[in-house]
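One structure is given below, encoded as structure tokens.
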Amino acid sequence: MNDRNIVESIKSFGLKKVLSYLDSDPDNNIPKVIDWIERFDRNGIVKKELGGAKRALLDKESNWYKLVKSLYTDIDDEVRKTIFENFIINASILGGIRKRKVKEEHKCNVPWAILMDPTSACNLKCTGCWAAEYGHKMSMSIDTLDNIIAQGKELGVYMYIYSGGEPLVRKNDIIKLCDKHNDCVFLAFTNGTLIDEDFADEMLRVKNFIPAISVEGFEEETDSRRGKGTYESVIKAMEVLKRKKLPFGISCCYTSQNTYIIGSEEYFDEMIEKGAKFAWLFTYIPIGVNAVPELMITPEQREYMYHQIRKFRSTKPIFTMDFWNDGEYVDGCIAGGRSYLHINANGDIEPCAFIHYSDSNIYEKTILEALKSPLFMQYHDNQPFNENHLRPCPLLDNPEKLCEMVEKSGAKSTDMQNPEDVHDLTAKCIKAAENWALVADRLWNHSRNKALSNF
């Protein structure tokens, strides 16, 4: 064991004792544990997050306190302990220290999470979905996936997210990787239809896998895009997970057709009642030859989600993240390795799940080499892409930026069936970007003025 691993083991042992103390009396110990974690976090890796958490959890009537407390009543004890240890200690604190050192040494982005596609195959065919654009016959072997995780851990990455295709087509391999890398957290964006009793039992056994189930709203909205009977299958999966005390969340793509359902009180209350502990929110991006631009949201719909999600954060016991409207909290775009990167089923290393251009492949370059490649350095050198962080995306909000980066880096389309010229892609977003800019600038100025008035 080298010096770095010895130091990390000592710190890990201390933090594990803190989490064990929390388990003994969560009602009284939650605020104390945050104080202790702050003491371990001498490098300030999670200082910003801990400050907000402490303020929220001091009020035992707050929705945040109720959410954390529900993790002790609703989630299996051993699963919760494993997730907390891997997420708080490995992914956030110790991994954060390691990532900072790599960033300083190599002057490039290093991600907090790696998103990867075990397969391009899927058992559904959803309207406007870009996943099929890669082709249905591509997969990365379990050895390749294992190697990606091993490389990532050397960089300090302990959070791995599966997408696809439908990742649970490879559920047996995913469980094997959870078993082998039991110091990591694994999450999957899944349509949920392949979650059954046996797979839930395997989740209970490995303890470090969390599904984010894709739903488009209630039955009518979900089935209209994903196929008849899909919503019923999703609800059955949620019932199995909740009964076995397993953590899960939802992944929602809001479009011109379902925004007012996704953002409604009724929908969020229903998902919370079903057992969801988090909600990842995305908006529709018109990628690929089968894109449906009509599904793109209007500025009014995007503003509606902006206000609704902020309201729910102060009223509902569920963790929410809107990957476009929350740019103000993370200083703009999080892709390009700044917080995450994407590796598709062909091994192409892309800056984002929605940006299908690459100049690196996992079979030809290491992850670190890809992070230092021309395309990823374009992201590194140009982020944030707009001083208004409510316009974070280089495609949806600043399409000229994506054109510039792809051209300067020489990156190529990764669409195996119908390669898409970057100018053709961005042309579909120009009008939406212009329309949103007017609304986003108003919201941004109001947000900045409100922040200044609080000083």
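Chain lettering (A, B, ...) mirrors the order of the structure tokens, residue numbering begins at 1 for each chain separately, and ligand numbering begins at 1 in order of display.
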
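When the distance limit is 9 Å and only C-alpha atoms are what count, the residues near Asp322 in chain A, minus those fewer than 6 positions from it on the same chain, are Ala279, Trp280, Leu281, Phe282, Thr283, Met305, Tyr306 and Ile309 of chain A.
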
Hey, can you spit out that residue selection with all heavy atoms as a PDB file, in the first residue's frame?
ATOM      1  N   ALA A 279     -35.210  13.283  -8.257  1.00  0.00           N
ATOM      2  CA  ALA A 279     -35.744  13.456  -9.606  1.00  0.00           C
ATOM      3  C   ALA A 279     -34.718  14.207 -10.438  1.00  0.00           C
ATOM      4  O   ALA A 279     -34.333  15.328 -10.107  1.00  0.00           O
ATOM      5  CB  ALA A 279     -37.061  14.231  -9.575  1.00  0.00           C
ATOM      6  N   TRP A 280     -34.243  13.548 -11.520  1.00  0.00           N
ATOM      7  CA  TRP A 280     -33.371  14.204 -12.495  1.00  0.00           C
ATOM      8  C   TRP A 280     -34.273  14.728 -13.615  1.00  0.00           C
ATOM      9  O   TRP A 280     -35.055  13.971 -14.188  1.00  0.00           O
ATOM     10  CB  TRP A 280     -32.365  13.237 -13.093  1.00  0.00           C
ATOM     11  CG  TRP A 280     -31.316  12.607 -12.238  1.00  0.00           C
ATOM     12  CD1 TRP A 280     -30.639  11.469 -12.523  1.00  0.00           C
ATOM     13  CD2 TRP A 280     -30.763  13.063 -10.991  1.00  0.00           C
ATOM     14  NE1 TRP A 280     -29.734  11.181 -11.523  1.00  0.00           N
ATOM     15  CE2 TRP A 280     -29.789  12.148 -10.577  1.00  0.00           C
ATOM     16  CE3 TRP A 280     -31.020  14.178 -10.175  1.00  0.00           C
ATOM     17  CZ2 TRP A 280     -29.053  12.298  -9.395  1.00  0.00           C
ATOM     18  CZ3 TRP A 280     -30.302  14.327  -8.991  1.00  0.00           C
ATOM     19  CH2 TRP A 280     -29.323  13.401  -8.619  1.00  0.00           C
ATOM     20  N   LEU A 281     -34.149  15.990 -13.936  1.00  0.00           N
ATOM     21  CA  LEU A 281     -35.009  16.606 -14.938  1.00  0.00           C
ATOM     22  C   LEU A 281     -34.192  17.075 -16.135  1.00  0.00           C
ATOM     23  O   LEU A 281     -33.166  17.745 -15.984  1.00  0.00           O
ATOM     24  CB  LEU A 281     -35.765  17.784 -14.321  1.00  0.00           C
ATOM     25  CG  LEU A 281     -36.699  17.353 -13.184  1.00  0.00           C
ATOM     26  CD1 LEU A 281     -36.887  18.468 -12.175  1.00  0.00           C
ATOM     27  CD2 LEU A 281     -38.047  16.922 -13.746  1.00  0.00           C
ATOM     28  N   PHE A 282     -34.652  16.696 -17.315  1.00  0.00           N
ATOM     29  CA  PHE A 282     -33.992  17.063 -18.566  1.00  0.00           C
ATOM     30  C   PHE A 282     -35.030  17.703 -19.485  1.00  0.00           C
ATOM     31  O   PHE A 282     -36.224  17.457 -19.354  1.00  0.00           O
ATOM     32  CB  PHE A 282     -33.423  15.825 -19.268  1.00  0.00           C
ATOM     33  CG  PHE A 282     -32.480  15.023 -18.427  1.00  0.00           C
ATOM     34  CD1 PHE A 282     -32.951  14.035 -17.572  1.00  0.00           C
ATOM     35  CD2 PHE A 282     -31.115  15.256 -18.481  1.00  0.00           C
ATOM     36  CE1 PHE A 282     -32.081  13.292 -16.788  1.00  0.00           C
ATOM     37  CE2 PHE A 282     -30.240  14.517 -17.696  1.00  0.00           C
ATOM     38  CZ  PHE A 282     -30.714  13.537 -16.846  1.00  0.00           C
ATOM     39  N   THR A 283     -34.577  18.488 -20.429  1.00  0.00           N
ATOM     40  CA  THR A 283     -35.477  18.971 -21.452  1.00  0.00           C
ATOM     41  C   THR A 283     -35.129  18.306 -22.780  1.00  0.00           C
ATOM     42  O   THR A 283     -34.037  17.756 -22.937  1.00  0.00           O
ATOM     43  CB  THR A 283     -35.425  20.506 -21.583  1.00  0.00           C
ATOM     44  OG1 THR A 283     -36.480  20.930 -22.445  1.00  0.00           O
ATOM     45  CG2 THR A 283     -34.096  20.981 -22.146  1.00  0.00           C
ATOM     46  N   MET A 305     -40.884  25.566 -15.441  1.00  0.00           N
ATOM     47  CA  MET A 305     -40.111  24.559 -14.716  1.00  0.00           C
ATOM     48  C   MET A 305     -39.099  25.204 -13.781  1.00  0.00           C
ATOM     49  O   MET A 305     -38.850  24.711 -12.671  1.00  0.00           O
ATOM     50  CB  MET A 305     -39.413  23.627 -15.699  1.00  0.00           C
ATOM     51  CG  MET A 305     -40.357  22.711 -16.458  1.00  0.00           C
ATOM     52  SD  MET A 305     -41.305  21.582 -15.389  1.00  0.00           S
ATOM     53  CE  MET A 305     -40.011  20.493 -14.803  1.00  0.00           C
ATOM     54  N   TYR A 306     -38.520  26.315 -14.201  1.00  0.00           N
ATOM     55  CA  TYR A 306     -37.567  27.053 -13.366  1.00  0.00           C
ATOM     56  C   TYR A 306     -38.218  27.394 -12.020  1.00  0.00           C
ATOM     57  O   TYR A 306     -37.639  27.155 -10.951  1.00  0.00           O
ATOM     58  CB  TYR A 306     -37.141  28.320 -14.099  1.00  0.00           C
ATOM     59  CG  TYR A 306     -36.308  29.291 -13.295  1.00  0.00           C
ATOM     60  CD1 TYR A 306     -34.911  29.224 -13.303  1.00  0.00           C
ATOM     61  CD2 TYR A 306     -36.907  30.302 -12.541  1.00  0.00           C
ATOM     62  CE1 TYR A 306     -34.144  30.130 -12.572  1.00  0.00           C
ATOM     63  CE2 TYR A 306     -36.152  31.209 -11.802  1.00  0.00           C
ATOM     64  CZ  TYR A 306     -34.780  31.120 -11.829  1.00  0.00           C
ATOM     65  OH  TYR A 306     -34.022  32.006 -11.103  1.00  0.00           O
ATOM     66  N   ILE A 309     -39.587  23.945  -9.868  1.00  0.00           N
ATOM     67  CA  ILE A 309     -38.570  23.129  -9.192  1.00  0.00           C
ATOM     68  C   ILE A 309     -37.995  23.864  -7.995  1.00  0.00           C
ATOM     69  O   ILE A 309     -37.744  23.257  -6.942  1.00  0.00           O
ATOM     70  CB  ILE A 309     -37.462  22.718 -10.189  1.00  0.00           C
ATOM     71  CG1 ILE A 309     -38.052  21.851 -11.299  1.00  0.00           C
ATOM     72  CG2 ILE A 309     -36.351  21.971  -9.466  1.00  0.00           C
ATOM     73  CD1 ILE A 309     -38.857  20.655 -10.816  1.00  0.00           C
TER      74      ILE A 309
END

Residue set, range 204-403 of chain A restricted to strand (DSSP E or B), as a ChimeraX atom specification: /A:209-214,249-254,278-283,319-322,340-343,348-350,352,355,357-358,361

Residues within 8 Å of Lys69 in chain A, only C-alpha atoms, excluding chain neighbours under 4 positions, as an MDAnalysis selection string: chainID A and resid 26:27 65 73

Write the selection just made, keeping N, CA, C and O atoms, as a PDB file, in the first residue's frame?
ATOM      1  N   PRO A  26     -30.111   9.103  14.529  1.00  0.00           N
ATOM      2  CA  PRO A  26     -30.126  10.110  13.464  1.00  0.00           C
ATOM      3  C   PRO A  26     -30.845  11.391  13.843  1.00  0.00           C
ATOM      4  O   PRO A  26     -30.435  12.475  13.422  1.00  0.00           O
ATOM      5  N   ASP A  27     -31.896  11.319  14.647  1.00  0.00           N
ATOM      6  CA  ASP A  27     -32.641  12.525  15.026  1.00  0.00           C
ATOM      7  C   ASP A  27     -31.745  13.584  15.653  1.00  0.00           C
ATOM      8  O   ASP A  27     -31.836  14.762  15.334  1.00  0.00           O
ATOM      9  N   TYR A  65     -34.964  17.912   6.010  1.00  0.00           N
ATOM     10  CA  TYR A  65     -34.799  17.030   7.157  1.00  0.00           C
ATOM     11  C   TYR A  65     -35.677  15.789   7.005  1.00  0.00           C
ATOM     12  O   TYR A  65     -35.251  14.667   7.282  1.00  0.00           O
ATOM     13  N   THR A  73     -35.969   5.417   7.563  1.00  0.00           N
ATOM     14  CA  THR A  73     -37.202   4.648   7.750  1.00  0.00           C
ATOM     15  C   THR A  73     -37.579   3.833   6.511  1.00  0.00           C
ATOM     16  O   THR A  73     -38.179   2.774   6.629  1.00  0.00           O
TER      17      THR A  73
END

For CA of Val234 in chain A and CA of Ile213 in chain A, the interatomic separation in Å (one decimal): 7.5 Å

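For Pro392 in chain A, the set of protein, DNA and RNA residues having any atom at most 9 Å away, when counting only C-alpha atoms and skipping those fewer than 2 positions along the same chain, is Trp324, Asn325, Asp326, Gly327, Glu328, Asp331, Gly332, Cys333, Ile334, Gln383, Pro384, Phe385, Asn386, Glu387, Asn388, His389, Leu390, Pro394, Leu395, Leu396, Asp397 and Asn398 of chain A.
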
How about saving the chosen residues, N, CA and C atoms kept, as a PDB file, in the first residue's frame?
ATOM      1  N   TRP A 324     -30.602  21.837 -16.981  1.00  0.00           N
ATOM      2  CA  TRP A 324     -30.422  23.086 -17.727  1.00  0.00           C
ATOM      3  C   TRP A 324     -30.706  24.287 -16.841  1.00  0.00           C
ATOM      4  N   ASN A 325     -31.804  24.261 -16.108  1.00  0.00           N
ATOM      5  CA  ASN A 325     -32.197  25.432 -15.324  1.00  0.00           C
ATOM      6  C   ASN A 325     -31.412  25.603 -14.037  1.00  0.00           C
ATOM      7  N   ASP A 326     -30.599  24.625 -13.667  1.00  0.00           N
ATOM      8  CA  ASP A 326     -29.817  24.743 -12.438  1.00  0.00           C
ATOM      9  C   ASP A 326     -28.379  25.189 -12.688  1.00  0.00           C
ATOM     10  N   GLY A 327     -28.121  25.714 -13.873  1.00  0.00           N
ATOM     11  CA  GLY A 327     -26.764  26.170 -14.185  1.00  0.00           C
ATOM     12  C   GLY A 327     -26.254  27.228 -13.219  1.00  0.00           C
ATOM     13  N   GLU A 328     -27.172  27.997 -12.623  1.00  0.00           N
ATOM     14  CA  GLU A 328     -26.725  29.063 -11.716  1.00  0.00           C
ATOM     15  C   GLU A 328     -26.108  28.507 -10.435  1.00  0.00           C
ATOM     16  N   ASP A 331     -22.369  27.052 -11.778  1.00  0.00           N
ATOM     17  CA  ASP A 331     -21.575  27.943 -12.622  1.00  0.00           C
ATOM     18  C   ASP A 331     -21.542  27.499 -14.078  1.00  0.00           C
ATOM     19  N   GLY A 332     -22.694  27.120 -14.607  1.00  0.00           N
ATOM     20  CA  GLY A 332     -22.800  26.827 -16.031  1.00  0.00           C
ATOM     21  C   GLY A 332     -22.802  25.353 -16.371  1.00  0.00           C
ATOM     22  N   CYS A 333     -22.245  25.029 -17.526  1.00  0.00           N
ATOM     23  CA  CYS A 333     -22.237  23.662 -18.062  1.00  0.00           C
ATOM     24  C   CYS A 333     -21.355  22.739 -17.219  1.00  0.00           C
ATOM     25  N   ILE A 334     -21.841  21.522 -16.943  1.00  0.00           N
ATOM     26  CA  ILE A 334     -21.070  20.571 -16.135  1.00  0.00           C
ATOM     27  C   ILE A 334     -20.423  19.482 -16.989  1.00  0.00           C
ATOM     28  N   GLN A 383     -15.416  27.023 -20.772  1.00  0.00           N
ATOM     29  CA  GLN A 383     -16.458  27.035 -19.745  1.00  0.00           C
ATOM     30  C   GLN A 383     -16.221  28.171 -18.750  1.00  0.00           C
ATOM     31  N   PRO A 384     -17.282  28.859 -18.317  1.00  0.00           N
ATOM     32  CA  PRO A 384     -18.675  28.712 -18.743  1.00  0.00           C
ATOM     33  C   PRO A 384     -18.885  29.327 -20.124  1.00  0.00           C
ATOM     34  N   PHE A 385     -19.895  28.846 -20.816  1.00  0.00           N
ATOM     35  CA  PHE A 385     -20.136  29.289 -22.179  1.00  0.00           C
ATOM     36  C   PHE A 385     -20.938  30.580 -22.253  1.00  0.00           C
ATOM     37  N   ASN A 386     -21.425  31.033 -21.111  1.00  0.00           N
ATOM     38  CA  ASN A 386     -22.186  32.283 -21.065  1.00  0.00           C
ATOM     39  C   ASN A 386     -22.088  32.820 -19.655  1.00  0.00           C
ATOM     40  N   GLU A 387     -21.935  34.124 -19.523  1.00  0.00           N
ATOM     41  CA  GLU A 387     -21.867  34.714 -18.181  1.00  0.00           C
ATOM     42  C   GLU A 387     -23.202  34.594 -17.456  1.00  0.00           C
ATOM     43  N   ASN A 388     -24.276  34.378 -18.196  1.00  0.00           N
ATOM     44  CA  ASN A 388     -25.580  34.070 -17.609  1.00  0.00           C
ATOM     45  C   ASN A 388     -25.677  32.561 -17.474  1.00  0.00           C
ATOM     46  N   HIS A 389     -25.579  32.063 -16.249  1.00  0.00           N
ATOM     47  CA  HIS A 389     -25.544  30.618 -16.034  1.00  0.00           C
ATOM     48  C   HIS A 389     -26.907  29.955 -16.203  1.00  0.00           C
ATOM     49  N   LEU A 390     -27.935  30.736 -16.469  1.00  0.00           N
ATOM     50  CA  LEU A 390     -29.214  30.164 -16.863  1.00  0.00           C
ATOM     51  C   LEU A 390     -29.245  29.898 -18.366  1.00  0.00           C
ATOM     52  N   PRO A 394     -23.825  24.566 -24.436  1.00  0.00           N
ATOM     53  CA  PRO A 394     -23.223  24.996 -25.706  1.00  0.00           C
ATOM     54  C   PRO A 394     -24.027  24.577 -26.927  1.00  0.00           C
ATOM     55  N   LEU A 395     -25.075  23.788 -26.727  1.00  0.00           N
ATOM     56  CA  LEU A 395     -25.948  23.408 -27.838  1.00  0.00           C
ATOM     57  C   LEU A 395     -27.287  24.127 -27.752  1.00  0.00           C
ATOM     58  N   LEU A 396     -28.016  23.925 -26.668  1.00  0.00           N
ATOM     59  CA  LEU A 396     -29.361  24.463 -26.564  1.00  0.00           C
ATOM     60  C   LEU A 396     -29.383  25.974 -26.358  1.00  0.00           C
ATOM     61  N   ASP A 397     -28.381  26.509 -25.653  1.00  0.00           N
ATOM     62  CA  ASP A 397     -28.392  27.924 -25.283  1.00  0.00           C
ATOM     63  C   ASP A 397     -27.370  28.775 -26.018  1.00  0.00           C
ATOM     64  N   ASN A 398     -26.285  28.160 -26.458  1.00  0.00           N
ATOM     65  CA  ASN A 398     -25.208  28.895 -27.141  1.00  0.00           C
ATOM     66  C   ASN A 398     -24.703  28.065 -28.319  1.00  0.00           C
TER      67      ASN A 398
END

Nearby residues (only C-alpha atoms) at most 10 Å from Tyr231 in chain A, same-chain spacing under 2 positions excluded, as number ranges by chain: A: 191-193, 214-224, 226-229, 233-237

Would you put the residues from that selection into a file with N, CA and C atoms, as a PDB file, in the first residue's frame?
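Contents of selection_35.pdb, as written:
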ATOM      1  N   ASN A 191     -35.521   2.453 -18.229  1.00  0.00           N
ATOM      2  CA  ASN A 191     -36.969   2.570 -18.427  1.00  0.00           C
ATOM      3  C   ASN A 191     -37.751   1.777 -17.379  1.00  0.00           C
ATOM      4  N   GLY A 192     -37.063   0.979 -16.567  1.00  0.00           N
ATOM      5  CA  GLY A 192     -37.675   0.323 -15.422  1.00  0.00           C
ATOM      6  C   GLY A 192     -38.415  -0.959 -15.724  1.00  0.00           C
ATOM      7  N   THR A 193     -38.612  -1.268 -17.001  1.00  0.00           N
ATOM      8  CA  THR A 193     -39.454  -2.424 -17.345  1.00  0.00           C
ATOM      9  C   THR A 193     -38.761  -3.752 -17.073  1.00  0.00           C
ATOM     10  N   SER A 214     -37.107   6.203 -15.836  1.00  0.00           N
ATOM     11  CA  SER A 214     -37.606   7.216 -16.770  1.00  0.00           C
ATOM     12  C   SER A 214     -39.125   7.176 -16.840  1.00  0.00           C
ATOM     13  N   VAL A 215     -39.736   8.304 -16.572  1.00  0.00           N
ATOM     14  CA  VAL A 215     -41.190   8.452 -16.705  1.00  0.00           C
ATOM     15  C   VAL A 215     -41.465   9.808 -17.345  1.00  0.00           C
ATOM     16  N   GLU A 216     -42.507   9.869 -18.142  1.00  0.00           N
ATOM     17  CA  GLU A 216     -42.820  11.079 -18.902  1.00  0.00           C
ATOM     18  C   GLU A 216     -44.019  11.817 -18.319  1.00  0.00           C
ATOM     19  N   GLY A 217     -44.461  11.428 -17.107  1.00  0.00           N
ATOM     20  CA  GLY A 217     -45.675  11.957 -16.519  1.00  0.00           C
ATOM     21  C   GLY A 217     -46.512  10.789 -16.031  1.00  0.00           C
ATOM     22  N   PHE A 218     -47.804  10.920 -16.094  1.00  0.00           N
ATOM     23  CA  PHE A 218     -48.695   9.829 -15.718  1.00  0.00           C
ATOM     24  C   PHE A 218     -48.831   8.843 -16.880  1.00  0.00           C
ATOM     25  N   GLU A 219     -49.807   7.959 -16.802  1.00  0.00           N
ATOM     26  CA  GLU A 219     -49.923   6.874 -17.781  1.00  0.00           C
ATOM     27  C   GLU A 219     -50.075   7.384 -19.216  1.00  0.00           C
ATOM     28  N   GLU A 220     -50.942   8.348 -19.427  1.00  0.00           N
ATOM     29  CA  GLU A 220     -51.175   8.842 -20.790  1.00  0.00           C
ATOM     30  C   GLU A 220     -49.903   9.408 -21.406  1.00  0.00           C
ATOM     31  N   GLU A 221     -49.184  10.255 -20.649  1.00  0.00           N
ATOM     32  CA  GLU A 221     -47.981  10.898 -21.172  1.00  0.00           C
ATOM     33  C   GLU A 221     -46.851   9.887 -21.387  1.00  0.00           C
ATOM     34  N   THR A 222     -46.679   8.970 -20.435  1.00  0.00           N
ATOM     35  CA  THR A 222     -45.602   7.983 -20.544  1.00  0.00           C
ATOM     36  C   THR A 222     -45.851   7.014 -21.695  1.00  0.00           C
ATOM     37  N   ASP A 223     -47.049   6.475 -21.768  1.00  0.00           N
ATOM     38  CA  ASP A 223     -47.352   5.487 -22.807  1.00  0.00           C
ATOM     39  C   ASP A 223     -47.383   6.108 -24.196  1.00  0.00           C
ATOM     40  N   SER A 224     -47.749   7.383 -24.306  1.00  0.00           N
ATOM     41  CA  SER A 224     -47.818   8.008 -25.625  1.00  0.00           C
ATOM     42  C   SER A 224     -46.437   8.140 -26.248  1.00  0.00           C
ATOM     43  N   ARG A 226     -43.558   6.221 -24.887  1.00  0.00           N
ATOM     44  CA  ARG A 226     -42.760   5.018 -24.658  1.00  0.00           C
ATOM     45  C   ARG A 226     -43.462   3.715 -25.030  1.00  0.00           C
ATOM     46  N   GLY A 227     -44.749   3.776 -25.309  1.00  0.00           N
ATOM     47  CA  GLY A 227     -45.472   2.574 -25.718  1.00  0.00           C
ATOM     48  C   GLY A 227     -46.491   2.147 -24.677  1.00  0.00           C
ATOM     49  N   LYS A 228     -47.603   1.594 -25.147  1.00  0.00           N
ATOM     50  CA  LYS A 228     -48.702   1.190 -24.268  1.00  0.00           C
ATOM     51  C   LYS A 228     -48.238   0.136 -23.262  1.00  0.00           C
ATOM     52  N   GLY A 229     -48.615   0.321 -22.026  1.00  0.00           N
ATOM     53  CA  GLY A 229     -48.259  -0.615 -20.966  1.00  0.00           C
ATOM     54  C   GLY A 229     -46.981  -0.272 -20.229  1.00  0.00           C
ATOM     55  N   SER A 233     -45.803  -1.029 -16.174  1.00  0.00           N
ATOM     56  CA  SER A 233     -44.573  -1.754 -15.819  1.00  0.00           C
ATOM     57  C   SER A 233     -43.702  -0.936 -14.875  1.00  0.00           C
ATOM     58  N   VAL A 234     -43.633   0.368 -15.118  1.00  0.00           N
ATOM     59  CA  VAL A 234     -42.838   1.259 -14.265  1.00  0.00           C
ATOM     60  C   VAL A 234     -43.386   1.266 -12.837  1.00  0.00           C
ATOM     61  N   ILE A 235     -44.692   1.378 -12.704  1.00  0.00           N
ATOM     62  CA  ILE A 235     -45.296   1.414 -11.371  1.00  0.00           C
ATOM     63  C   ILE A 235     -45.052   0.094 -10.639  1.00  0.00           C
ATOM     64  N   LYS A 236     -45.116  -1.035 -11.356  1.00  0.00           N
ATOM     65  CA  LYS A 236     -44.824  -2.331 -10.733  1.00  0.00           C
ATOM     66  C   LYS A 236     -43.387  -2.375 -10.225  1.00  0.00           C
ATOM     67  N   ALA A 237     -42.454  -1.839 -11.028  1.00  0.00           N
ATOM     68  CA  ALA A 237     -41.056  -1.813 -10.609  1.00  0.00           C
ATOM     69  C   ALA A 237     -40.890  -0.965  -9.352  1.00  0.00           C
TER      70      ALA A 237
END

Filtered DSSP result for range 142-368 of chain A, state helix (DSSP H, G or I), as an MDAnalysis selection string: chainID A and resid 142:155 167:180 197:206 219:226 230:243 259:262 265:274 293:295 299:313 327:329 367:368

Residue with smallest distance to Gly249 in chain A - pool A:Asp415, A:Glu273, A:Glu78, A:Glu294, counting only C-alpha atoms: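 Selected residue with least distance to Gly249 in chain A: A:Glu273.
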
Test item: residues at most 10 Å from Pro247 in chain A, only C-alpha atoms, excluding those fewer than 4 positions along its chain, as a PyMOL selection string: chain A and resi 71+74-76+79-80+83+203-204+207-212+238+241-242+275-278

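Distances here use only C-alpha atoms; by that measure, the residue among A:Asp59, A:Asp143, A:Glu420, A:Glu300 closest to Trp436 in chain A is A:Glu300.
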
Close residues, range 341-348 of chain A itself excluded, 10 Å, only C-alpha atoms, min 3 positions apart in chain, as an NGL selection string: :A and (109-121 or 131 or 134-141 or 144-145 or 148 or 161-165 or 334-338 or 351-365 or 367 or 370-371 or 376 or 413-416)

Separation of CA of Ala433 in chain A from CA of Arg391 in chain A in Å: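 Computing the Euclidean distance for CA of Arg391 in chain A and CA of Ala433 in chain A yields 8.3 Å.
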
A:Asn435, A:Asn449, A:Ser70, A:Asn382 ranked by distance to Lys245 in chain A, top pick (using only C-alpha atoms):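 Of all the options, A:Ser70 lies closest to Lys245 in chain A.
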